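Q: If it helps, the file is called run-v7.cif and holds mmCIF, C-alpha atoms:
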data_coords
loop_
_atom_site.label_atom_id
_atom_site.label_comp_id
_atom_site.auth_asym_id
_atom_site.auth_seq_id
_atom_site.Cartn_x
_atom_site.Cartn_y
_atom_site.Cartn_z
CA MET A 641 81.61 130.85 107.39
CA THR A 642 80.23 131.08 103.90
CA ARG A 643 78.33 128.23 102.33
CA LYS A 644 81.12 127.71 99.77
CA THR A 645 83.76 127.45 102.50
CA ALA A 646 81.64 125.03 104.48
CA THR A 647 81.12 122.87 101.38
CA ALA A 648 84.85 122.91 100.64
CA LEU A 649 85.69 121.93 104.21
CA ALA A 650 83.10 119.14 104.20
CA ALA A 651 84.46 117.83 100.91
CA ALA A 652 88.03 117.93 102.23
CA TRP A 653 86.97 116.11 105.37
CA LEU A 654 85.20 113.40 103.42
CA LEU A 655 88.13 112.98 101.07
CA LEU A 656 90.99 113.20 103.51
CA GLY A 657 89.46 112.43 106.85
CA PRO A 658 90.06 109.11 108.56
CA ALA A 659 87.51 106.49 107.71
CA ALA A 660 87.26 102.76 107.81
CA ALA A 661 90.29 101.35 106.03
CA HIS A 662 89.43 99.37 102.92
CA ALA A 663 92.61 97.35 103.33
CA HIS A 664 92.39 94.00 101.61
CA LEU A 665 94.78 92.16 103.85
CA VAL A 666 95.23 88.59 102.76
CA ASN A 667 96.27 85.64 104.87
CA THR A 668 97.74 83.13 102.45
CA GLY A 669 98.94 80.88 105.23
CA ILE A 670 102.43 80.67 103.74
CA GLY A 671 104.03 83.70 105.31
CA PRO A 672 103.89 87.49 105.43
CA VAL A 673 105.87 88.02 102.21
CA TYR A 674 103.30 86.00 100.27
CA ASP A 675 100.54 87.85 102.10
CA GLY A 676 102.11 91.06 100.84
CA ILE A 677 102.30 89.78 97.27
CA ALA A 678 98.67 88.69 97.36
CA HIS A 679 97.70 92.02 98.90
CA LEU A 680 98.53 93.93 95.72
CA PHE A 681 96.40 91.68 93.56
CA VAL A 682 93.29 92.00 95.70
CA SER A 683 93.70 95.75 96.32
CA PHE A 684 92.38 96.99 93.04
CA GLU A 685 93.02 100.65 93.84
CA ASP A 686 96.71 99.86 94.36
CA LEU A 687 96.99 97.56 91.36
CA LEU A 688 95.25 100.06 89.08
CA ALA A 689 97.58 102.84 90.26
CA VAL A 690 100.65 100.71 89.49
CA ILE A 691 99.29 99.90 86.04
CA ALA A 692 98.54 103.60 85.45
CA ILE A 693 102.04 104.83 86.27
CA ALA A 694 103.55 101.96 84.26
CA LEU A 695 101.42 102.92 81.24
CA LEU A 696 102.48 106.55 81.58
CA ALA A 697 106.15 105.63 81.98
CA GLY A 698 105.97 103.29 79.00
CA LEU A 699 104.43 106.01 76.84
CA ASN A 700 107.34 108.28 77.80
CA GLY A 701 110.00 105.84 76.66
CA PRO A 702 112.54 103.40 78.07
CA LEU A 703 114.43 105.91 80.22
CA ALA A 704 111.26 107.09 81.95
CA GLY A 705 110.28 103.45 82.37
CA ARG A 706 113.58 102.60 84.05
CA ARG A 707 113.39 105.63 86.37
CA MET A 708 109.87 104.69 87.37
CA LEU A 709 110.76 101.05 87.80
CA PHE A 710 113.54 101.68 90.29
CA THR A 711 111.72 104.47 92.14
CA LEU A 712 108.23 103.09 92.64
CA PRO A 713 108.90 99.81 94.51
CA LEU A 714 111.57 101.41 96.70
CA VAL A 715 109.45 104.33 97.85
CA TRP A 716 106.44 102.00 98.20
CA LEU A 717 108.52 100.01 100.67
CA LEU A 718 109.79 103.13 102.46
CA GLY A 719 106.31 104.66 102.63
CA GLY A 720 104.97 101.39 103.96
CA LEU A 721 107.64 101.19 106.64
CA ALA A 722 106.87 104.77 107.65
CA GLY A 723 103.20 103.85 107.83
CA THR A 724 103.89 100.92 110.13
CA LEU A 725 106.17 102.95 112.40
CA ILE A 726 104.18 106.17 112.69
CA PRO A 727 100.75 105.63 114.18
CA ALA A 728 98.22 107.44 112.06
CA ALA A 729 94.73 107.11 110.78
CA PRO A 730 94.48 105.65 107.29
CA LEU A 731 93.50 107.77 104.33
CA PRO A 732 91.41 105.20 102.51
CA LEU A 733 90.40 106.92 99.35
CA ALA A 734 92.45 110.05 98.81
CA PRO A 735 95.60 108.44 97.39
CA ALA A 736 93.72 106.05 95.14
CA THR A 737 91.36 108.71 93.83
CA LEU A 738 93.91 111.39 93.10
CA SER A 739 96.59 109.11 91.73
CA LEU A 740 94.19 107.34 89.36
CA LEU A 741 92.76 110.64 88.18
CA VAL A 742 96.02 112.55 87.65
CA ILE A 743 98.08 109.75 86.14
CA GLY A 744 95.17 108.46 84.06
CA VAL A 745 94.61 111.90 82.53
CA LEU A 746 98.33 112.29 81.77
CA ALA A 747 98.32 108.90 80.02
CA ALA A 748 95.08 109.61 78.16
CA LEU A 749 96.40 112.92 76.84
CA ASP A 750 99.76 111.30 76.05
CA ILE A 751 101.60 114.23 77.57
CA ARG A 752 105.34 114.01 77.08
CA LEU A 753 107.12 114.20 80.41
CA ALA A 754 110.78 114.26 81.30
CA PRO A 755 112.01 111.02 82.88
CA ALA A 756 112.61 112.93 86.12
CA ALA A 757 108.98 114.06 86.15
CA VAL A 758 107.76 110.49 85.70
CA ALA A 759 110.08 109.42 88.52
CA ALA A 760 108.69 112.23 90.70
CA LEU A 761 105.15 111.04 90.04
CA ALA A 762 106.20 107.48 90.88
CA LEU A 763 107.76 108.81 94.07
CA VAL A 764 104.57 110.50 95.24
CA LEU A 765 102.43 107.56 94.18
CA GLY A 766 104.64 105.01 95.91
CA LEU A 767 104.83 107.00 99.13
CA LEU A 768 101.06 107.51 99.28
CA HIS A 769 100.06 103.96 98.51
CA GLY A 770 102.91 102.44 100.50
CA TRP A 771 101.96 104.57 103.49
CA GLN A 772 98.40 103.38 103.10
CA ASN A 773 99.51 99.74 103.05
CA GLY A 774 101.80 100.22 106.05
CA VAL A 775 99.14 101.88 108.18
CA ALA A 776 96.63 99.16 107.33
CA MET A 777 99.12 96.38 108.11
CA ALA A 778 100.06 97.98 111.42
CA ALA A 779 96.40 98.40 112.34
CA ALA A 780 95.77 94.74 111.57
CA GLY A 781 98.82 93.66 113.59
CA LEU A 782 100.53 92.12 110.58
CA GLN A 783 104.29 91.88 110.10
CA ALA A 784 105.97 94.65 108.17
CA THR A 785 107.84 92.07 106.10
CA GLY A 786 104.68 91.80 104.07
CA LEU A 787 105.68 95.12 102.54
CA VAL A 788 108.65 93.39 100.93
CA GLY A 789 106.26 91.10 99.12
CA THR A 790 104.03 93.99 98.08
CA SER A 791 106.98 96.02 96.81
CA GLY A 792 108.28 93.02 94.89
CA ALA A 793 104.89 92.52 93.30
CA VAL A 794 104.77 96.23 92.44
CA PHE A 795 108.16 95.88 90.73
CA VAL A 796 107.04 92.88 88.67
CA VAL A 797 103.72 94.40 87.56
CA ALA A 798 105.29 97.78 86.76
CA ALA A 799 108.14 96.12 84.82
CA LEU A 800 105.82 93.94 82.75
CA VAL A 801 103.35 96.70 81.90
CA ALA A 802 105.95 99.40 81.18
CA ALA A 803 108.03 97.01 79.05
CA LEU A 804 104.94 96.01 77.09
CA VAL A 805 104.08 99.64 76.37
CA VAL A 806 107.65 100.59 75.46
CA ALA A 807 107.75 97.70 73.00
CA LEU A 808 104.59 98.81 71.19
CA ARG A 809 105.35 100.05 67.70
CA ARG A 810 102.08 100.30 65.78
CA PRO A 811 100.25 103.61 66.16
CA TRP A 812 96.93 102.03 67.14
CA THR A 813 98.54 100.21 70.06
CA ARG A 814 99.64 103.54 71.51
CA ILE A 815 96.06 104.75 71.16
CA ALA A 816 94.87 101.65 73.01
CA VAL A 817 97.18 102.61 75.88
CA ARG A 818 95.70 106.11 75.88
CA VAL A 819 92.20 104.67 75.96
CA ALA A 820 93.24 102.55 78.96
CA GLY A 821 94.55 105.75 80.60
CA SER A 822 91.23 107.47 80.04
CA TRP A 823 89.37 104.52 81.55
CA ILE A 824 91.62 104.63 84.62
CA ALA A 825 91.11 108.38 84.97
CA ALA A 826 87.35 107.99 84.58
CA SER A 827 87.33 105.31 87.27
CA GLY A 828 89.32 107.64 89.52
CA LEU A 829 86.88 110.47 88.91
CA LEU A 830 83.93 108.26 89.78
CA LEU A 831 85.78 107.01 92.85
CA LEU A 832 86.23 110.64 93.88
CA GLY A 833 82.47 110.96 93.66
CA TRP A 834 81.95 107.88 95.81
CA ALA A 835 84.44 109.25 98.35
CA LEU A 836 82.89 112.69 98.49
CA SER A 837 79.38 111.27 98.76
CA GLY A 838 80.49 108.90 101.52
CA ARG A 839 79.11 105.89 99.65
CA ALA A 840 82.31 104.14 98.56
CA MET B 300 122.63 62.25 79.67
CA SER B 301 120.63 60.02 77.35
CA ARG B 302 117.01 60.71 76.43
CA SER B 303 115.82 57.48 78.10
CA ARG B 304 117.31 58.58 81.43
CA THR B 305 115.99 62.13 81.33
CA ARG B 306 112.39 61.11 80.76
CA PRO B 307 111.86 59.41 84.18
CA LEU B 308 113.58 62.36 85.85
CA ALA B 309 111.27 64.82 84.13
CA MET B 310 108.25 62.71 85.09
CA ALA B 311 109.42 62.62 88.70
CA LEU B 312 109.85 66.41 88.72
CA GLN B 313 106.38 66.85 87.26
CA ALA B 314 104.93 64.55 89.93
CA VAL B 315 106.69 66.51 92.68
CA ALA B 316 105.46 69.80 91.22
CA ALA B 317 101.90 68.45 91.00
CA LEU B 318 102.05 67.27 94.60
CA ALA B 319 103.44 70.61 95.73
CA LEU B 320 100.63 72.45 93.92
CA ALA B 321 98.03 70.10 95.36
CA GLY B 322 99.46 70.60 98.83
CA LEU B 323 99.31 74.38 98.79
CA PRO B 324 96.95 75.73 101.42
CA VAL B 325 94.26 76.78 99.00
CA ILE B 326 91.59 77.30 101.62
CA ALA B 327 93.83 79.68 103.54
CA GLN B 328 93.80 82.01 100.56
CA ALA B 329 90.23 82.87 101.30
CA HIS B 330 90.07 86.37 102.69
CA GLU B 331 87.19 88.22 104.09
CA GLN B 332 86.05 90.69 101.51
CA SER B 333 82.67 91.43 100.14
CA GLY B 334 81.29 93.28 97.21
CA GLN B 335 84.43 93.23 95.08
CA ALA B 336 83.44 90.92 92.22
CA ALA B 337 79.78 91.84 92.61
CA GLY B 338 80.64 95.52 92.28
CA PHE B 339 82.61 94.92 89.10
CA LEU B 340 79.92 92.74 87.58
CA SER B 341 77.20 95.25 88.50
CA GLY B 342 79.18 98.02 86.83
CA LEU B 343 79.89 95.86 83.82
CA GLY B 344 76.26 94.93 83.40
CA HIS B 345 74.72 98.31 84.06
CA PRO B 346 75.43 100.09 80.75
CA VAL B 347 74.20 97.13 78.71
CA SER B 348 70.99 96.87 80.73
CA GLY B 349 69.54 100.03 79.21
CA LEU B 350 68.90 100.16 75.48
CA ASP B 351 69.10 103.97 75.45
CA HIS B 352 72.66 103.86 76.79
CA VAL B 353 73.66 100.98 74.51
CA LEU B 354 72.43 102.65 71.32
CA ALA B 355 74.01 106.00 72.13
CA MET B 356 77.38 104.40 72.97
CA VAL B 357 77.37 102.28 69.84
CA ALA B 358 76.40 105.36 67.82
CA VAL B 359 79.48 107.17 69.18
CA GLY B 360 81.62 104.33 67.83
CA LEU B 361 79.78 104.27 64.49
CA TRP B 362 80.24 108.00 64.04
CA GLY B 363 83.89 107.79 65.02
CA ALA B 364 84.42 105.08 62.40
CA GLN B 365 82.70 107.24 59.79
CA LEU B 366 84.78 110.30 60.66
CA GLY B 367 88.05 108.38 60.70
CA ALA B 368 91.25 109.48 62.42
CA PRO B 369 91.63 111.29 64.76
CA ALA B 370 87.94 111.26 65.76
CA ILE B 371 87.83 107.45 65.73
CA TRP B 372 90.05 107.36 68.81
CA MET B 373 89.52 110.83 70.24
CA LEU B 374 85.84 110.26 70.92
CA PRO B 375 86.36 107.01 72.89
CA VAL B 376 89.27 108.58 74.82
CA MET B 377 87.29 111.66 75.78
CA PHE B 378 83.85 110.13 76.34
CA PRO B 379 84.61 108.09 79.52
CA LEU B 380 86.26 111.08 81.16
CA VAL B 381 83.34 113.41 80.57
CA MET B 382 80.86 110.66 81.40
CA ALA B 383 82.67 110.14 84.71
CA PHE B 384 82.39 113.87 85.32
CA GLY B 385 78.63 113.52 84.88
CA GLY B 386 78.72 110.62 87.32
CA LEU B 387 80.66 112.78 89.77
CA LEU B 388 77.98 115.46 89.56
CA GLY B 389 75.33 112.82 90.23
CA LEU B 390 77.21 111.41 93.19
CA LEU B 391 77.63 114.88 94.67
CA GLY B 392 73.91 115.43 94.35
CA VAL B 393 74.25 118.20 91.79
CA PRO B 394 70.95 118.19 89.92
CA LEU B 395 70.99 117.98 86.15
CA PRO B 396 67.64 118.88 84.63
CA GLY B 397 66.19 116.69 81.92
CA VAL B 398 68.58 113.77 82.20
CA GLU B 399 66.27 111.34 80.43
CA LEU B 400 65.55 113.92 77.75
CA GLY B 401 69.29 114.44 77.27
CA ILE B 402 69.85 110.70 76.87
CA ALA B 403 67.03 110.42 74.35
CA ALA B 404 68.32 113.47 72.49
CA SER B 405 71.78 111.88 72.38
CA ALA B 406 70.41 108.86 70.54
CA ILE B 407 68.44 111.09 68.16
CA LEU B 408 71.31 113.42 67.32
CA LEU B 409 74.15 110.88 67.26
CA GLY B 410 72.00 108.58 65.14
CA ALA B 411 71.21 111.48 62.83
CA MET B 412 74.92 112.28 62.50
CA VAL B 413 75.57 108.72 61.40
CA ALA B 414 72.51 108.61 59.12
CA THR B 415 73.47 111.83 57.34
CA GLU B 416 77.18 111.05 57.49
CA SER B 417 77.80 114.51 58.92
CA ARG B 418 81.38 115.70 59.08
CA PRO B 419 81.48 118.72 61.40
CA PRO B 420 84.83 120.15 62.58
CA LEU B 421 86.53 117.86 65.09
CA TRP B 422 86.05 120.24 67.99
CA LEU B 423 82.33 120.36 67.33
CA ALA B 424 82.05 116.56 67.16
CA VAL B 425 83.97 116.25 70.43
CA LEU B 426 81.84 118.94 72.05
CA LEU B 427 78.61 117.28 70.97
CA VAL B 428 79.64 113.86 72.27
CA ALA B 429 81.01 115.37 75.50
CA PHE B 430 77.77 117.25 76.11
CA PHE B 431 75.74 114.06 75.94
CA ALA B 432 78.31 112.06 77.92
CA VAL B 433 77.47 114.16 80.98
CA PHE B 434 73.83 113.01 80.87
CA HIS B 435 74.77 109.36 80.50
CA GLY B 436 77.24 109.56 83.39
CA HIS B 437 74.79 111.40 85.61
CA ALA B 438 72.05 108.87 85.00
CA HIS B 439 73.97 105.62 85.02
CA GLY B 440 77.17 106.12 86.95
CA THR B 441 75.66 106.51 90.38
CA GLU B 442 73.54 103.42 90.84
CA LEU B 443 75.78 101.35 93.10
CA PRO B 444 73.91 98.50 94.77
CA PRO B 445 74.42 98.48 98.55
CA GLY B 446 77.42 96.59 99.92
CA GLN B 447 79.40 96.66 96.69
CA SER B 448 82.74 98.24 95.91
CA GLY B 449 82.43 101.73 94.40
CA LEU B 450 85.79 101.48 92.63
CA LEU B 451 85.08 98.11 91.08
CA TYR B 452 81.60 99.25 90.04
CA SER B 453 83.16 102.33 88.42
CA VAL B 454 85.79 100.28 86.61
CA GLY B 455 83.16 97.84 85.34
CA PHE B 456 80.92 100.68 84.22
CA VAL B 457 83.71 102.45 82.34
CA VAL B 458 85.01 99.24 80.75
CA ALA B 459 81.52 98.25 79.56
CA THR B 460 80.98 101.69 78.07
CA GLY B 461 84.35 101.51 76.33
CA CYS B 462 83.48 98.08 74.95
CA LEU B 463 80.24 99.47 73.54
CA HIS B 464 82.27 102.17 71.77
CA ALA B 465 84.62 99.51 70.46
CA THR B 466 81.64 97.51 69.20
CA GLY B 467 80.38 100.59 67.37
CA ILE B 468 83.81 101.19 65.84
CA ALA B 469 84.09 97.55 64.78
CA ILE B 470 80.66 97.68 63.12
CA GLY B 471 81.53 101.05 61.62
CA LEU B 472 84.47 99.55 59.74
CA ILE B 473 81.99 98.38 57.09
CA HIS B 474 82.07 102.04 56.05
CA ARG B 475 84.92 101.26 53.66
CA TRP B 476 82.56 99.34 51.35
CA GLY B 477 79.79 101.02 49.36
CA SER B 478 77.01 98.74 50.57
CA GLY B 479 78.44 98.93 54.10
CA ARG B 480 78.23 102.70 53.95
CA ILE B 481 74.53 102.49 53.13
CA ALA B 482 73.96 99.93 55.88
CA LEU B 483 75.75 102.20 58.34
CA ARG B 484 73.54 105.12 57.46
CA GLY B 485 70.54 102.86 57.90
CA ALA B 486 71.80 101.87 61.34
CA GLY B 487 72.17 105.54 62.24
CA ALA B 488 68.58 106.16 61.16
CA ALA B 489 67.44 103.24 63.32
CA VAL B 490 69.29 104.64 66.34
CA SER B 491 67.71 108.01 65.72
CA ALA B 492 64.24 106.46 65.48
CA ALA B 493 64.84 104.61 68.74
CA GLY B 494 65.87 107.95 70.27
CA VAL B 495 62.50 109.41 69.25
CA PHE B 496 60.82 106.53 71.08
CA PHE B 497 62.96 107.18 74.19
CA LEU B 498 62.04 110.85 74.00
CA TRP B 499 58.34 110.03 73.72
CA ARG B 500 58.66 107.70 76.72
CA ALA B 501 60.50 110.34 78.73
CA LEU B 502 57.87 112.95 77.99
CA ALA B 503 54.93 110.62 78.61
#
For this file, produce the structure as C-alpha cells.
A:
Amino acid sequence: MTRKTATALAAAWLLLGPAAAHAHLVNTGIGPVYDGIAHLFVSFEDLLAVIAIALLAGLNGPLAGRRMLFTLPLVWLLGGLAGTLIPAAPLPLAPATLSLLVIGVLAALDIRLAPAAVAALALVLGLLHGWQNGVAMAAAGLQATGLVGTSGAVFVVAALVAALVVALRRPWTRIAVRVAGSWIAASGLLLLGWALSGRA
Amino acid sequence: MSRSRTRPLAMALQAVAALALAGLPVIAQAHEQSGQAAGFLSGLGHPVSGLDHVLAMVAVGLWGAQLGAPAIWMLPVMFPLVMAFGGLLGLLGVPLPGVELGIAASAILLGAMVATESRPPLWLAVLLVAFFAVFHGHAHGTELPPGQSGLLYSVGFVVATGCLHATGIAIGLIHRWGSGRIALRGAGAAVSAAGVFFLWRALA
C-alpha cells in the first residue's frame, strides 16, 4: 500500500468511521415532540445546515424555495425513521461537514440552480441529517415521535429563512446572504479539519 | 362586546398565560452538554486577541472600501473560505513555513495597498488577499481549547473575522470625502508600520 493510499484510507476512516455521537438530545420534560423541536436548536450542525439550504433556496427564487420547503422536512423525517429502525453506527461529522461545505460554497458563489437541483440537495441533506438524528435517538432509547418535532422545527426555520431571502430586493442584501454562505462554508471546512484530525 | 367587559377578560387571559409560563418545567430543559457556548466564545474572541490578525483583517475591509464594487464584497466573501483552507492545513498537520512572517507581511502589504490607494486588477487583489488568508487561517484557526466544540469554535472564529472585515469596510466608507480619503491612507500607513513591527518581532 502506498503512503498516499494509506493517508486516503485513514482520512476516510476518520471522516466516515463510527465515533462517539455528538447528539444533543434534549429532555424538555414536556414530551418527545418538544424534545425533538429543542433538539434542532441545540444541534448547531443541523441548524446551520438547515439555514444553509434555506439561504441557497432563497437565492434561487420562490419556486426553488417551495421545492426545498416541502422536500427537506419530509425526507428529514423519513431519514430519521430509517435511522431508528435500522441499527447502525452514527456518522457524527460527515454529514455536517460535507453539507455545510457544499451548500455554503454554492450560496457564496450565488450559483443559479434549477429548482429540481435545489430539491435534490435538500433531499440528500435531509436524509443524511435525519438519519443521524434517528440513529442517535435510537441509541439513546428515545421515542421516534421526537422526529416529528424535529421535522416541524426544520420546516419552520427553513420557511422563515428562505422567505426572508426571497423577499430581499436591494443588491447589498443579496451580497449579505452570500457572505453568510461563505461563513457557513468556511465553518464546514474547518469542521472537516477537526474531523480529520480527530479533535472535534 | 363592550370595551369595559373585554378588559377583565384580557387581564384574566394574561394572568393565565403568565401562570402557564411560570409553571413550565424550566429546570428540565437543562441538558448535559459541555463546551458549546465556550467553544463559540473562544472562537469569537480568538481573532480579536491578536493585533496582527485584527489589523490585517481591518485592512482587508479598508482596501475593499477603497476599491469599491465588486471588490468590496468579493474580498470578504472569499477571505473566510481561503482562511478556513489554511486552518484545514493546520489541523491536518501540513506545515506552512514562515507563518508569522506571512502574517506580518500581510499587514505590511495590505496596509501599503491602502496607504498608496493601489488599484490592481481584481484578480490580483483577490489573489493577494487569498494568499495571506492561508497564513492567518493556519495560525489562528487551529487553537481549540480542550473540551470545547470544534464547530462552534470555527463558527465563532469565522464570524469574528467577518466582523473585522465589516468594521474595516465601515471605516473605509469615509473614502467618499476628501479628508476621509487622506485619513484612510494614513490608517493604511499605520497598519503597514505595525506590520514592520510584527515582522521585526517574528525575526527576533
Q: With distances taken over only C-alpha atoms, which of B:Ala503, B:Met373, B:Leu361, B:Ala383 is nearest to Phe456 (chain B)?
A: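 The answer is B:Ala383, which sits nearest to Phe456 (chain B).
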Q: Determine the nearest neighbour of Ala722 (chain A) from the options A:Ser739, A:Ser827, A:Gln772, A:Asn700, counting all atoms listed in the file.
A: A:Gln772
Q: Could you tell me how far CA of Gly344 (chain B) lies from CA of Thr460 (chain B), in Å and to one decimal?
A: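 Here the two named atoms are 9.8 Å from each other.
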Q: Which residues would end up in the selection if the PyMOL selection byres ((chain B and resi 407-416) around 9) were applied here, given that I need the answer as number ranges by chain?
A: B: 354-355, 358-359, 361-362, 365-366, 402-406, 417-418, 427-428, 481, 483-495, 498
Q: Quick one: pull the distance between CA of Ala793 (chain A) and CA of Ile677 (chain A), Å, one decimal.
A: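 Interatomic distance here is 5.5 Å.
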Q: Expand the PyMOL selection byres ((chain B and resi 474) around 10) into the individual residues it matches in the shown file, reporting them as a VMD selection string.
A: chain B and resid 361 364 to 367 468 470 to 473 475 to 484
Q: Quick one: which residues end up in the PyMOL selection byres ((chain B and resi 451-453) around 6) for this structure, as a PyMOL selection string?
A: (chain A and resi 827) or (chain B and resi 338-339+342+448-450+454-456)
Q: Which one of A:Leu768, A:Ala807, A:Leu680, A:Leu714 sits closest to Gly701 (chain A) if you count all atoms listed in the file?
A: A:Ala807
Q: Mind giving me the straight-line distance from CA of Asp675 (chain A) to CA of Val715 (chain A) in Å, one decimal?
A: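 Between CA of Asp675 (chain A) and CA of Val715 (chain A) the gap is 19.2 Å.
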Q: For Ala798 (chain A), which residue among A:Leu830, A:Val682, A:Ala689, A:Ile670 is the nearest when counting all atoms listed in the file?
A: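 Nearest to Ala798 (chain A): A:Ala689.
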Q: Which of these, A:Gly671, A:Pro713, A:Gly786, A:Gly792, has the shortest distance to His769 (chain A) once you count all atoms listed in the file?
A: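 Nearest candidate to His769 (chain A) out of A:Gly671, A:Pro713, A:Gly786, A:Gly792: A:Pro713.
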Q: Between B:Ile371, B:Val457, B:Leu426, B:Leu350, which residue has the minimum interatomic distance to chain A, considering all atoms listed in the file?
A: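 Result for the nearest residue to chain A: B:Val457.
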